[in-house]
file run_35.cif (mmCIF, C-alpha atoms and all ligand atoms)
data_data
#
loop_
_atom_site.label_atom_id
_atom_site.label_comp_id
_atom_site.auth_asym_id
_atom_site.auth_seq_id
_atom_site.Cartn_x
_atom_site.Cartn_y
_atom_site.Cartn_z
CA MET A 24 17.09 -43.06 -33.60
CA ARG A 25 15.53 -42.60 -30.19
CA ILE A 26 18.77 -41.14 -28.80
CA THR A 27 18.94 -38.64 -31.65
CA THR A 28 15.41 -37.51 -30.88
CA VAL A 29 16.23 -37.03 -27.21
CA VAL A 30 19.41 -35.11 -28.05
CA MET A 31 17.52 -32.92 -30.48
CA ALA A 32 14.79 -32.28 -27.92
CA LEU A 33 17.40 -31.36 -25.30
CA ALA A 34 19.13 -29.05 -27.73
CA LEU A 35 15.85 -27.37 -28.54
CA MET A 36 15.06 -26.92 -24.84
CA THR A 37 18.50 -25.44 -24.19
CA LEU A 38 18.03 -23.04 -27.09
CA LEU A 39 14.65 -21.95 -25.77
CA ALA A 40 15.99 -21.50 -22.27
CA ALA A 41 18.99 -19.52 -23.47
CA CYS A 42 16.92 -17.34 -25.75
CA PRO A 43 16.32 -14.00 -24.01
CA ARG A 44 12.66 -13.28 -23.37
CA PRO A 45 11.27 -10.47 -25.46
CA GLU A 46 11.41 -7.35 -23.31
CA THR A 47 7.84 -6.20 -23.70
CA ALA A 48 7.97 -4.15 -20.51
CA ALA A 49 10.74 -1.97 -21.89
CA THR A 50 9.31 -1.56 -25.37
CA ASN A 51 5.60 -1.25 -24.66
CA PRO A 52 4.89 2.40 -23.74
CA ASP A 53 1.89 1.44 -21.61
CA ASP A 54 4.04 -0.86 -19.51
CA ARG A 55 6.65 1.86 -19.07
CA VAL A 56 3.99 4.23 -17.72
CA HIS A 57 2.75 1.51 -15.39
CA ALA A 58 6.26 0.85 -14.11
CA ALA A 59 6.80 4.57 -13.50
CA ARG A 60 3.56 4.73 -11.55
CA ILE A 61 4.65 1.88 -9.30
CA GLU A 62 7.98 3.60 -8.64
CA ALA A 63 6.25 6.89 -7.78
CA ASP A 64 3.75 5.27 -5.46
CA PRO A 65 4.64 6.41 -1.90
CA ALA A 66 3.09 3.25 -0.43
CA PRO A 67 4.52 0.45 -2.55
CA LEU A 68 3.64 -3.20 -2.23
CA GLY A 69 4.94 -4.78 0.92
CA GLU A 70 3.50 -2.13 3.25
CA PRO A 71 2.86 -3.83 6.61
CA GLU A 72 -0.73 -4.77 7.29
CA GLY A 73 -2.78 -2.46 9.47
CA GLY A 74 -1.18 0.69 8.06
CA CYS A 75 -4.43 2.63 8.45
CA MET A 76 -5.05 4.32 11.77
CA GLY A 77 -7.55 2.49 13.87
CA GLU A 78 -7.31 -0.93 12.26
CA PRO A 79 -6.62 -3.51 14.95
CA ILE A 80 -3.05 -4.76 15.10
CA GLU A 81 -2.24 -8.30 16.07
CA ARG A 82 1.35 -9.44 16.34
CA THR A 83 2.98 -12.50 17.75
CA ASP A 84 5.00 -12.26 20.92
CA ALA A 85 8.17 -12.78 18.87
CA GLU A 86 7.25 -9.88 16.58
CA TRP A 87 6.66 -7.54 19.53
CA ARG A 88 10.03 -8.54 21.00
CA GLU A 89 11.69 -7.63 17.72
CA ILE A 90 9.90 -4.30 17.27
CA LEU A 91 10.04 -2.96 20.83
CA THR A 92 12.96 -2.13 23.10
CA PRO A 93 13.30 -4.48 26.11
CA GLN A 94 11.78 -1.84 28.42
CA GLN A 95 8.91 -1.13 26.02
CA TYR A 96 8.27 -4.86 25.68
CA HIS A 97 8.24 -5.32 29.46
CA VAL A 98 5.74 -2.50 30.08
CA LEU A 99 3.57 -2.71 26.96
CA ARG A 100 3.36 -6.47 26.51
CA GLN A 101 4.06 -7.81 30.01
CA LYS A 102 2.08 -5.14 31.91
CA GLY A 103 5.17 -3.80 33.62
CA THR A 104 5.52 -0.41 35.31
CA GLU A 105 8.42 1.98 34.89
CA ARG A 106 9.86 3.43 38.09
CA ALA A 107 8.28 6.73 39.15
CA PHE A 108 10.06 9.92 38.01
CA THR A 109 12.25 7.98 35.57
CA GLY A 110 10.15 8.28 32.41
CA ALA A 111 10.67 10.80 29.63
CA TYR A 112 7.28 12.46 29.96
CA HIS A 113 6.40 12.64 33.66
CA ALA A 114 7.19 16.38 33.82
CA THR A 115 6.79 17.54 30.22
CA LYS A 116 4.33 20.26 29.20
CA GLU A 117 4.95 20.47 25.45
CA PRO A 118 1.87 20.81 23.22
CA GLY A 119 0.96 17.95 20.93
CA VAL A 120 -0.43 14.49 21.24
CA TYR A 121 0.84 11.32 22.88
CA VAL A 122 0.57 8.24 20.67
CA CYS A 123 0.94 4.55 21.52
CA ALA A 124 4.63 3.57 21.45
CA ALA A 125 3.67 0.19 20.00
CA CYS A 126 1.23 1.11 17.21
CA GLU A 127 1.14 4.93 16.93
CA GLN A 128 -2.56 5.23 17.69
CA GLU A 129 -3.31 8.68 19.14
CA LEU A 130 -4.06 8.30 22.85
CA PHE A 131 -3.83 11.49 24.94
CA PRO A 132 -3.79 15.16 23.88
CA SER A 133 -1.35 17.39 25.79
CA GLU A 134 -4.31 19.59 26.86
CA THR A 135 -5.51 16.85 29.22
CA LYS A 136 -2.06 16.31 30.80
CA PHE A 137 -1.62 17.55 34.36
CA ASP A 138 1.00 17.37 37.07
CA SER A 139 -0.22 14.68 39.46
CA GLY A 140 3.01 14.59 41.46
CA THR A 141 3.09 10.81 41.10
CA GLY A 142 6.10 10.64 38.79
CA TRP A 143 4.11 9.26 35.87
CA PRO A 144 2.50 11.17 32.99
CA SER A 145 -1.10 11.82 34.03
CA PHE A 146 -4.09 12.77 31.93
CA THR A 147 -7.74 13.55 32.68
CA ALA A 148 -9.06 12.05 29.43
CA PRO A 149 -7.97 10.21 26.28
CA ILE A 150 -8.19 11.89 22.88
CA ALA A 151 -11.21 9.69 22.11
CA SER A 152 -12.88 7.22 24.43
CA GLU A 153 -12.68 4.46 21.80
CA ASN A 154 -8.88 4.79 21.55
CA VAL A 155 -8.36 3.21 24.98
CA GLU A 156 -9.98 0.27 26.67
CA THR A 157 -10.15 -0.52 30.36
CA GLN A 158 -10.19 -3.82 32.19
CA LEU A 159 -10.19 -4.94 35.80
CA ASP A 160 -6.72 -5.67 37.16
CA ARG A 161 -6.46 -7.67 40.39
CA SER A 162 -2.67 -8.10 40.32
CA HIS A 163 -0.29 -7.16 43.17
CA GLY A 164 -3.05 -7.47 45.80
CA MET A 165 -4.90 -4.42 44.46
CA VAL A 166 -8.05 -3.86 42.47
CA ARG A 167 -7.26 -1.37 39.76
CA THR A 168 -8.55 -0.46 36.33
CA GLU A 169 -5.98 -1.17 33.68
CA VAL A 170 -5.81 1.01 30.56
CA VAL A 171 -4.81 -0.59 27.27
CA CYS A 172 -4.51 0.70 23.70
CA SER A 173 -7.67 -0.30 21.82
CA ARG A 174 -5.75 -0.82 18.60
CA CYS A 175 -2.95 -3.15 19.66
CA GLY A 176 -3.96 -4.22 23.17
CA SER A 177 -0.72 -2.95 24.71
CA HIS A 178 -0.67 -2.05 28.41
CA LEU A 179 -0.51 1.69 29.03
CA GLY A 180 -1.14 2.14 32.76
CA HIS A 181 -4.14 2.51 35.08
CA VAL A 182 -7.01 4.93 35.58
CA PHE A 183 -8.13 6.19 38.99
CA ASN A 184 -11.09 8.25 40.23
CA ASP A 185 -9.02 10.88 42.05
CA GLY A 186 -8.24 13.16 39.11
CA PRO A 187 -9.08 16.86 38.72
CA GLY A 188 -12.09 18.21 36.84
CA PRO A 189 -13.83 18.02 34.51
CA THR A 190 -13.66 14.22 34.35
CA GLY A 191 -12.35 13.51 37.85
CA LEU A 192 -10.23 10.81 36.29
CA ARG A 193 -6.49 10.31 36.51
CA PHE A 194 -5.03 8.24 33.70
CA CYS A 195 -1.67 7.21 35.14
CA ILE A 196 0.36 6.17 32.11
CA ASN A 197 3.91 4.89 31.66
CA SER A 198 6.14 7.22 29.64
CA VAL A 199 7.61 4.22 27.88
CA SER A 200 4.15 3.32 26.53
CA LEU A 201 3.89 6.73 24.86
CA ARG A 202 5.55 8.76 22.14
CA HIS A 203 5.08 12.53 22.03
CA VAL A 204 4.21 14.03 18.64
CA SER A 205 4.55 17.83 18.40
CA PRO A 206 2.05 19.95 16.42
CA GLU A 207 4.74 20.49 13.73
CA ASP A 208 5.16 16.72 13.34
CA GLN A 209 1.38 16.31 13.19
CA LYS A 210 1.18 18.84 10.32
CA SER A 211 3.87 17.05 8.34
CA GLY A 212 1.87 13.88 8.68
CA SER A 213 4.23 11.81 10.75
ZN ZN A 301 -1.28 0.60 20.46
#
call {"tool": "encode", "arguments": {"input": "run_35.cif", "output": "structure tokens"}}
result
Amino acid sequence: MRITTVVMALALMTLLAACPRPETAATNPDDRVHAARIEADPAPLGEPEGGCMGEPIERTDAEWREILTPQQYHVLRQKGTERAFTGAYHATKEPGVYVCAACEQELFPSETKFDSGTGWPSFTAPIASENVETQLDRSHGMVRTEVVCSRCGSHLGHVFNDGPGPTGLRFCINSVSLRHVSPEDQKSGS
């Protein structure tokens, strides 16, 4: 008797499991509209955190290694310096804005770029003072002021007091820490 009950219970469970669930999502018009909305949403679920400009970004060392090229990782995350005159932007004059290569935060407008003759992209001012942070750097037997991205903490370069007017500052930045965005790209929102 007990065995029969168990067998019957098992059979019932199997039947329930095999029975297809009623497809409410496909038959309920409200659900269909909802599903369509999700599909049309340009920023679906799963968007990485910190998608909004300005929100601080914190990543593990392993994540940075995965995201960045080896040269970017060396300069941005290990405070390296690219060799003078080797970077992509040391001699460029194109209009636009230079964003952080690690997190896309806007850093330097092309209007503040000048030819310093040093072999590194040089700027008199950032696009907004809060977009960069400075800290004392006593490495390599020198006392310098390091410039980092305020959003992701990545190393950008150094700032010196021998720049041209109006600020008298020279932000000496590694090309590899930057990405140039043209005015056309800015308009299209990328
Ligand atoms: Zn950044």
call {"tool": "closest_residue", "arguments": {"input": "run_35.cif", "among": "A:Cys175, A:Ala114, A:Val170, A:Val120", "to": "ligand ZN 301 (chain A)", "atoms": "only C-alpha atoms and all ligand atoms"}}
result
A:Cys175
call {"tool": "residues_near_ligand", "arguments": {"input": "run_35.cif", "ligand": "ligand ZN 301 (chain A)", "cutoff": "12 Å", "atoms": "all atoms listed in the file", "output": "count of residues only"}}
result
39
call {"tool": "atom_distance", "arguments": {"input": "run_35.cif", "atom1": "atom CA of A:Glu86", "atom2": "atom CA of A:Val98"}}
result
15.5 Å
call {"tool": "atom_distance", "arguments": {"input": "run_35.cif", "atom1": "atom CA of A:Glu134", "atom2": "atom CA of A:Thr147"}}
result
9.1 Å
call {"tool": "closest_residue", "arguments": {"input": "run_35.cif", "among": "A:Glu89, A:Thr109, A:Pro118, A:Lys102", "to": "A:Asp208", "atoms": "all atoms listed in the file"}}
result
A:Pro118
call {"tool": "atom_distance", "arguments": {"input": "run_35.cif", "atom1": "atom CA of A:Arg106", "atom2": "atom CA of A:Gly191"}}
result
24.4 Å
